[in-house]
Every structure is written in structure tokens, then in C-alpha cells.
>>> print(open('target.cif').read())   # mmCIF, C-alpha atoms
data_target
loop_
_atom_site.label_atom_id
_atom_site.label_comp_id
_atom_site.auth_asym_id
_atom_site.auth_seq_id
_atom_site.Cartn_x
_atom_site.Cartn_y
_atom_site.Cartn_z
CA MET U 1 -87.16 -33.25 -28.89
CA SER U 2 -84.37 -30.78 -28.16
CA LYS U 3 -82.43 -31.92 -31.21
CA PHE U 4 -85.58 -31.78 -33.36
CA VAL U 5 -86.38 -28.22 -32.24
CA VAL U 6 -82.87 -26.89 -32.87
CA THR U 7 -82.45 -28.77 -36.16
CA GLU U 8 -85.78 -27.65 -37.61
CA ASN U 9 -85.19 -24.04 -36.62
CA PHE U 10 -81.98 -24.00 -38.64
CA ASN U 11 -83.63 -25.97 -41.45
CA HIS U 12 -86.41 -23.41 -41.75
CA HIS U 13 -84.57 -20.18 -41.08
CA ALA U 14 -80.93 -20.72 -42.06
CA ASN U 15 -81.27 -22.90 -45.18
CA GLU U 16 -80.07 -25.95 -43.25
CA VAL U 17 -76.79 -24.24 -42.40
CA PHE U 18 -76.09 -25.02 -38.76
CA SER U 19 -74.15 -22.69 -36.52
CA ASP U 20 -70.80 -23.57 -34.97
CA ASN U 21 -72.70 -23.80 -31.67
CA TYR U 22 -75.22 -26.34 -32.97
CA GLN U 23 -74.50 -29.01 -30.34
CA ASN U 24 -74.24 -26.41 -27.61
CA ASP U 25 -77.66 -25.10 -28.64
CA ILE U 26 -79.13 -28.60 -28.32
CA ASP U 27 -77.51 -29.07 -24.92
CA SER U 28 -78.79 -25.68 -23.76
CA VAL U 29 -82.37 -26.44 -24.82
CA TYR U 30 -82.17 -29.86 -23.17
CA LYS U 31 -80.85 -28.47 -19.89
CA GLU U 32 -83.47 -25.75 -19.73
CA GLU U 33 -86.37 -28.09 -20.48
CA MET U 34 -85.19 -30.65 -17.92
CA GLY U 35 -85.42 -27.86 -15.34
CA PHE U 36 -89.02 -27.17 -16.36
CA LEU U 37 -90.30 -30.77 -16.51
CA GLU U 38 -92.22 -30.72 -13.24
CA ASN U 39 -94.51 -27.91 -14.39
CA SER U 40 -94.65 -28.50 -18.13
CA LYS U 41 -96.22 -30.65 -20.81
CA ILE U 42 -94.51 -31.48 -24.09
CA PHE U 43 -96.73 -32.39 -27.03
CA ILE U 44 -95.45 -34.30 -30.04
CA PHE U 45 -97.07 -35.42 -33.26
CA LYS U 46 -95.68 -38.30 -35.33
CA ASN U 47 -96.53 -39.73 -38.72
CA ASP U 48 -97.56 -43.36 -39.29
CA LEU U 49 -93.91 -44.39 -39.46
CA GLY U 50 -93.18 -42.90 -36.06
CA ASP U 51 -91.20 -39.95 -37.43
CA LEU U 52 -91.43 -36.75 -35.41
CA MET U 53 -93.46 -34.14 -37.31
CA GLY U 54 -94.04 -31.42 -34.73
CA THR U 55 -93.52 -30.40 -31.11
CA ILE U 56 -94.62 -27.73 -28.66
CA ARG U 57 -94.28 -27.22 -24.92
CA VAL U 58 -96.45 -25.35 -22.40
CA LEU U 59 -95.14 -24.40 -18.96
CA LYS U 60 -97.02 -23.15 -15.92
CA TRP U 61 -94.84 -20.56 -14.19
CA ASP U 62 -94.03 -21.24 -10.54
CA PHE U 63 -93.09 -17.55 -10.02
CA ILE U 64 -89.65 -18.73 -8.85
CA ASN U 65 -87.62 -20.05 -11.78
CA ALA U 66 -86.91 -17.53 -14.52
CA LEU U 67 -88.90 -17.95 -17.72
CA PRO U 68 -87.07 -17.89 -21.07
CA ILE U 69 -88.55 -14.47 -21.81
CA GLN U 70 -86.91 -13.14 -18.65
CA LYS U 71 -83.53 -14.68 -19.43
CA MET U 72 -83.49 -13.85 -23.15
CA PHE U 73 -85.11 -10.39 -23.11
CA ALA U 74 -84.93 -9.25 -19.46
CA ILE U 75 -88.72 -8.75 -19.56
CA ASP U 76 -90.67 -8.89 -16.30
CA PRO U 77 -94.00 -10.65 -17.04
CA PHE U 78 -95.81 -8.55 -14.45
CA PHE U 79 -94.95 -5.35 -16.33
CA CYS U 80 -96.87 -6.66 -19.35
CA THR U 81 -100.24 -7.20 -17.70
CA ASP U 82 -101.46 -3.58 -17.99
CA GLY U 83 -102.56 -3.71 -14.37
CA ASN U 84 -105.09 -6.46 -15.03
CA ALA U 85 -105.73 -9.24 -12.54
CA ILE U 86 -103.63 -12.35 -13.20
CA ASN U 87 -104.65 -15.89 -12.33
CA GLU U 88 -101.88 -18.02 -13.91
CA ILE U 89 -98.89 -17.18 -16.08
CA TRP U 90 -97.88 -19.67 -18.77
CA HIS U 91 -95.01 -19.93 -21.20
CA ILE U 92 -95.26 -21.55 -24.63
CA GLY U 93 -92.12 -22.68 -26.38
CA ARG U 94 -90.17 -25.36 -28.27
CA PHE U 95 -92.51 -25.13 -31.22
CA ALA U 96 -91.17 -26.81 -34.33
CA ILE U 97 -92.60 -28.48 -37.44
CA LYS U 98 -90.53 -30.64 -39.76
CA LYS U 99 -89.46 -28.77 -42.88
CA GLY U 100 -91.55 -29.74 -45.89
CA VAL U 101 -94.73 -30.48 -43.90
CA ARG U 102 -97.54 -28.36 -45.38
CA ASP U 103 -100.43 -29.48 -43.17
CA ILE U 104 -101.91 -26.31 -41.65
CA ASN U 105 -103.97 -28.46 -39.31
CA LEU U 106 -100.78 -29.74 -37.68
CA LEU U 107 -99.91 -26.16 -36.73
CA LYS U 108 -103.41 -25.63 -35.39
CA LYS U 109 -103.34 -28.88 -33.38
CA LEU U 110 -100.04 -27.98 -31.74
CA LEU U 111 -101.34 -24.54 -30.85
CA VAL U 112 -104.59 -25.92 -29.44
CA CYS U 113 -102.61 -28.29 -27.21
CA ALA U 114 -100.43 -25.48 -25.92
CA ILE U 115 -103.08 -22.82 -25.29
CA ALA U 116 -105.71 -25.13 -23.77
CA PRO U 117 -104.66 -24.44 -20.14
CA VAL U 118 -104.32 -20.72 -20.84
CA CYS U 119 -107.92 -20.72 -22.06
CA GLY U 120 -109.08 -22.32 -18.81
CA HIS U 121 -109.48 -18.98 -17.00
CA LYS U 122 -110.23 -15.46 -18.22
CA ASP U 123 -107.38 -13.97 -16.17
CA ASN U 124 -104.65 -16.25 -17.54
CA ILE U 125 -101.85 -14.98 -19.77
CA ALA U 126 -99.12 -16.67 -21.82
CA PHE U 127 -95.70 -15.51 -22.98
CA ALA U 128 -93.62 -16.76 -25.88
CA GLU U 129 -90.65 -15.97 -28.09
CA ILE U 130 -91.82 -16.32 -31.70
CA ASP U 131 -90.14 -16.29 -35.08
CA ALA U 132 -91.11 -13.15 -37.00
CA LYS U 133 -92.57 -15.08 -39.96
CA LEU U 134 -94.57 -17.38 -37.69
CA LEU U 135 -95.91 -14.40 -35.77
CA ARG U 136 -97.43 -13.01 -38.97
CA VAL U 137 -99.07 -16.38 -39.61
CA LEU U 138 -100.51 -16.46 -36.09
CA TRP U 139 -102.03 -13.01 -36.53
CA LEU U 140 -103.65 -14.12 -39.79
CA MET U 141 -105.05 -17.18 -38.00
CA GLY U 142 -106.67 -15.02 -35.33
CA ILE U 143 -104.22 -15.33 -32.43
CA LYS U 144 -103.87 -11.84 -30.97
CA ALA U 145 -100.28 -11.78 -29.76
CA LYS U 146 -98.86 -8.47 -28.49
CA ILE U 147 -95.20 -7.60 -29.13
CA ILE U 148 -93.53 -6.58 -25.87
CA GLY U 149 -89.89 -6.05 -26.82
CA GLU U 150 -87.24 -5.79 -29.51
CA SER U 151 -86.37 -8.88 -31.55
CA ILE U 152 -83.12 -10.85 -31.30
CA GLU U 153 -81.57 -13.61 -33.39
CA TYR U 154 -82.10 -17.02 -31.80
CA LEU U 155 -81.55 -20.46 -33.38
CA GLY U 156 -81.15 -18.92 -36.79
CA SER U 157 -84.24 -16.69 -36.87
CA GLU U 158 -85.50 -13.26 -35.88
CA THR U 159 -87.25 -13.95 -32.59
CA ILE U 160 -89.81 -11.60 -31.05
CA PRO U 161 -91.11 -11.59 -27.43
CA VAL U 162 -94.92 -11.58 -27.16
CA CYS U 163 -97.67 -11.91 -24.62
CA MET U 164 -101.01 -13.60 -25.31
CA PRO U 165 -103.84 -12.99 -22.84
CA TYR U 166 -106.92 -15.17 -22.62
CA ASN U 167 -108.92 -12.74 -24.76
CA GLY U 168 -106.36 -13.02 -27.53
CA LEU U 169 -106.52 -16.82 -27.63
CA ILE U 170 -110.02 -17.96 -26.77
CA ASP U 171 -111.57 -17.34 -30.22
CA PHE U 172 -108.86 -19.37 -31.97
CA TYR U 173 -109.16 -22.11 -29.36
CA ASN U 174 -112.93 -22.38 -29.68
CA GLU U 175 -112.73 -22.48 -33.48
CA ASN U 176 -110.07 -25.20 -33.60
CA LYS U 177 -110.33 -27.32 -30.43
CA GLY U 178 -112.31 -29.93 -32.35
CA LEU U 179 -109.15 -30.83 -34.25
CA VAL U 180 -107.72 -32.43 -31.11
CA LEU U 181 -110.25 -33.31 -28.43
CA PRO U 182 -113.59 -32.24 -26.97
CA GLN U 183 -113.15 -29.25 -24.69
CA GLU U 184 -114.15 -31.08 -21.53
CA THR U 185 -110.94 -33.09 -21.48
CA PHE U 186 -108.90 -29.91 -20.88
CA VAL U 187 -108.57 -28.26 -17.47
CA ALA U 188 -106.36 -25.34 -16.52
CA SER U 189 -103.60 -27.24 -14.80
CA ALA U 190 -100.19 -28.35 -15.97
CA LYS U 191 -100.77 -31.73 -14.34
CA GLY U 192 -104.48 -32.06 -15.03
CA TYR U 193 -105.40 -31.70 -18.68
CA LYS U 194 -105.14 -34.82 -20.80
CA LEU U 195 -104.57 -35.71 -24.42
CA PRO U 196 -104.23 -39.02 -26.23
CA ASN U 197 -100.99 -40.84 -25.48
CA ARG U 198 -99.94 -40.49 -29.11
CA VAL U 199 -99.60 -36.71 -28.79
CA VAL U 200 -98.46 -36.07 -25.24
CA PHE U 201 -95.19 -36.64 -23.44
CA HIS U 202 -95.68 -37.08 -19.69
CA SER U 203 -93.03 -35.26 -17.69
CA GLY U 204 -92.82 -38.05 -15.15
CA THR U 205 -91.16 -40.37 -17.66
CA ARG U 206 -87.84 -40.21 -19.50
CA ASN U 207 -88.67 -42.12 -22.68
CA TYR U 208 -88.71 -39.12 -25.00
CA PRO U 209 -87.02 -39.49 -28.41
CA LEU U 210 -84.01 -37.19 -28.30
CA VAL U 211 -84.23 -34.84 -25.36
#
>>> encode(input="target.cif", output="C-alpha cells")
Amino acid sequence: MSKFVVTENFNHHANEVFSDNYQNDIDSVYKEEMGFLENSKIFIFKNDLGDLMGTIRVLKWDFINALPIQKMFAIDPFFCTDGNAINEIWHIGRFAIKKGVRDINLLKKLLVCAIAPVCGHKDNIAFAEIDAKLLRVLWLMGIKAKIIGESIEYLGSETIPVCMPYNGLIDFYNENKGLVLPQETFVASAKGYKLPNRVVFHSGTRNYPLV
């Protein structure tokens, strides 16, 4: 998964020209995600031949280990809540779709998987670092993401820090949850909500493709 994420980012945003730090980028993603495994879920979609088509990861913050948005942008999540009550803080990352795939429903399915636990409580909020082009697509699809900092270049693309409260996600979730599963199979817990085995990687195992 780490190799897929890094490779597809450069495929999409740098015309398949990899940086001199390509392998270091893969190792860095791998190391970070291994540190998050206990509190995260990684979702993957494959085609009928078993080829990886898309990935996304959702992480429930333990309020101890630094989130990527803290390390990359020095942003304190609590400063982005506008004084509102907070139940759980989530982080969404490692989104990638294989270059050439034009199925908009694949994008929607990945997003539904990732935001399901965020939509489990009205006081939840999620953070993410999103490619500028993808962010425009998300706005058009109805995901109300708020920019909370200046962009940087990361894995070959302009990357923007955003926050996504429950109110900015629930409409999209309700409109598209039928693409994956009935709503009742999701609960707001990193360890509790379930998806079919074909789309979910369980953090307790180590049989992932490339991570």
C-alpha cells in the first residue's frame, strides 16, 4: 500500500517522474503507517484480477501521537475547532487511485469508507492533507472541507491542510453510503465498524500487499 500510494501520487502529479527520494518516501510512509496501525483502518479496492485500484486510511487520534497534519504543517487540531465541542478527532490519509481509472464511484466508495466513523457522532471532526486538484473535486461533490493552512509540495503535488467536521460530511455520506454497505454496519469506532473482507485491511494482520 505504501508503494502504491507514493507511486500513484507521482504518476498523477509529476507525469510519472519520480523524485530522487522515491524509495525514502515509500519507507517514510510505511514507517508512519506502521505506527498508526493500532488505531487505524486501511481500505483497499481491487479489480477482478487482484490488481490494486485504490486505497484510503482512516485513523482515530489517541491525542498522544502526532498526526501528519501536526508534523507536516505544525497545525494544532484543537485550534481549528472554533470552540465547538469535540467528541473524536480523526485523520484521513493515504488516498490513492490508480492512474487511468475513471470510475467516479470508486472515489465515492473510498470516501464513504473513510468518513463513516466521522459521521457516527455530530461532534466528530476529521483532518486531512489533500491535493489541490482533488480538493476542488471534493467541493464539487459536496464535501465541505475547510482550508486551515498554507499549501506545501508533498509527493509531487500541491498539498493543502483541511478540516472536515461532521456537518461538512454527513450529506455526502448519506447520499453515497449505499455504494458500499447499509448504514447500520458502521459504528463510530476504529475497531468496531465493518466492511466486506474484499475492501478492508485489518490492522491486526500483516498480509498487506506492499506496505
>>> atom_distance(input="target.cif", atom1="atom CA of Glu32 of chain U", atom2="atom CA of Phe79 of chain U")
23.7 Å
>>> closest_atom_pairs(input="target.cif", of="segment 28-70 of chain U", to="segment 148-167 of chain U", cutoff="12 Å", atoms="only C-alpha atoms", output="JSON lines")
{"residue": "U:Ser28", "atom": "CA", "partner": "U:Leu155", "partner_atom": "CA", "distance": 11.3}
{"residue": "U:Val29", "atom": "CA", "partner": "U:Leu155", "partner_atom": "CA", "distance": 10.5}
{"residue": "U:Leu67", "atom": "CA", "partner": "U:Pro161", "partner_atom": "CA", "distance": 11.8}
{"residue": "U:Pro68", "atom": "CA", "partner": "U:Pro161", "partner_atom": "CA", "distance": 9.8}
{"residue": "U:Ile69", "atom": "CA", "partner": "U:Pro161", "partner_atom": "CA", "distance": 6.8}
{"residue": "U:Gln70", "atom": "CA", "partner": "U:Pro161", "partner_atom": "CA", "distance": 9.9}
>>> atom_distance(input="target.cif", atom1="atom CA of Asn9 of chain U", atom2="atom CA of Ile26 of chain U")
11.2 Å
>>> resolve_selection(input="target.cif", expression="the PyMOL selection byres ((chain U and resi 4) around 9)", output="NGL selection string")
:U and (1-3 or 5-9 or 26 or 52 or 54-55 or 96-98 or 210-211)
>>> resolve_selection(input="target.cif", expression="the PyMOL selection byres ((chain U and resi 80-90) around 9)", output="PyMOL selection string")
chain U and resi 58-63+75-79+91-92+115+117-118+121-128+148+163+165+188
>>> closest_residue(input="target.cif", among="U:Ile147, U:Leu49, U:Asn105, U:Arg136", to="Asn176 of chain U", atoms="only C-alpha atoms")
U:Asn105
>>> atom_distance(input="target.cif", atom1="atom CA of Phe45 of chain U", atom2="atom CA of Glu33 of chain U")
18.2 Å
>>> closest_residue(input="target.cif", among="U:Lys31, U:Ala66, U:Asn11, U:Arg94", to="Leu111 of chain U", atoms="only C-alpha atoms")
U:Arg94
>>> closest_residue(input="target.cif", among="U:Asn24, U:Asn47, U:Asn65, U:Ser40", to="Leu106 of chain U", atoms="only C-alpha atoms")
U:Asn47
>>> closest_residue(input="target.cif", among="U:Glu129, U:Lys108, U:Val101, U:Gly93", to="Lys46 of chain U", atoms="all atoms listed in the file")
U:Val101
>>> closest_residue(input="target.cif", among="U:Ile170, U:Leu107, U:Met53, U:Leu37", to="Leu134 of chain U", atoms="only C-alpha atoms")
U:Leu107
>>> closest_residue(input="target.cif", among="U:Tyr30, U:Asn21, U:Gly168, U:Val180", to="Phe43 of chain U", atoms="all atoms listed in the file")
U:Val180
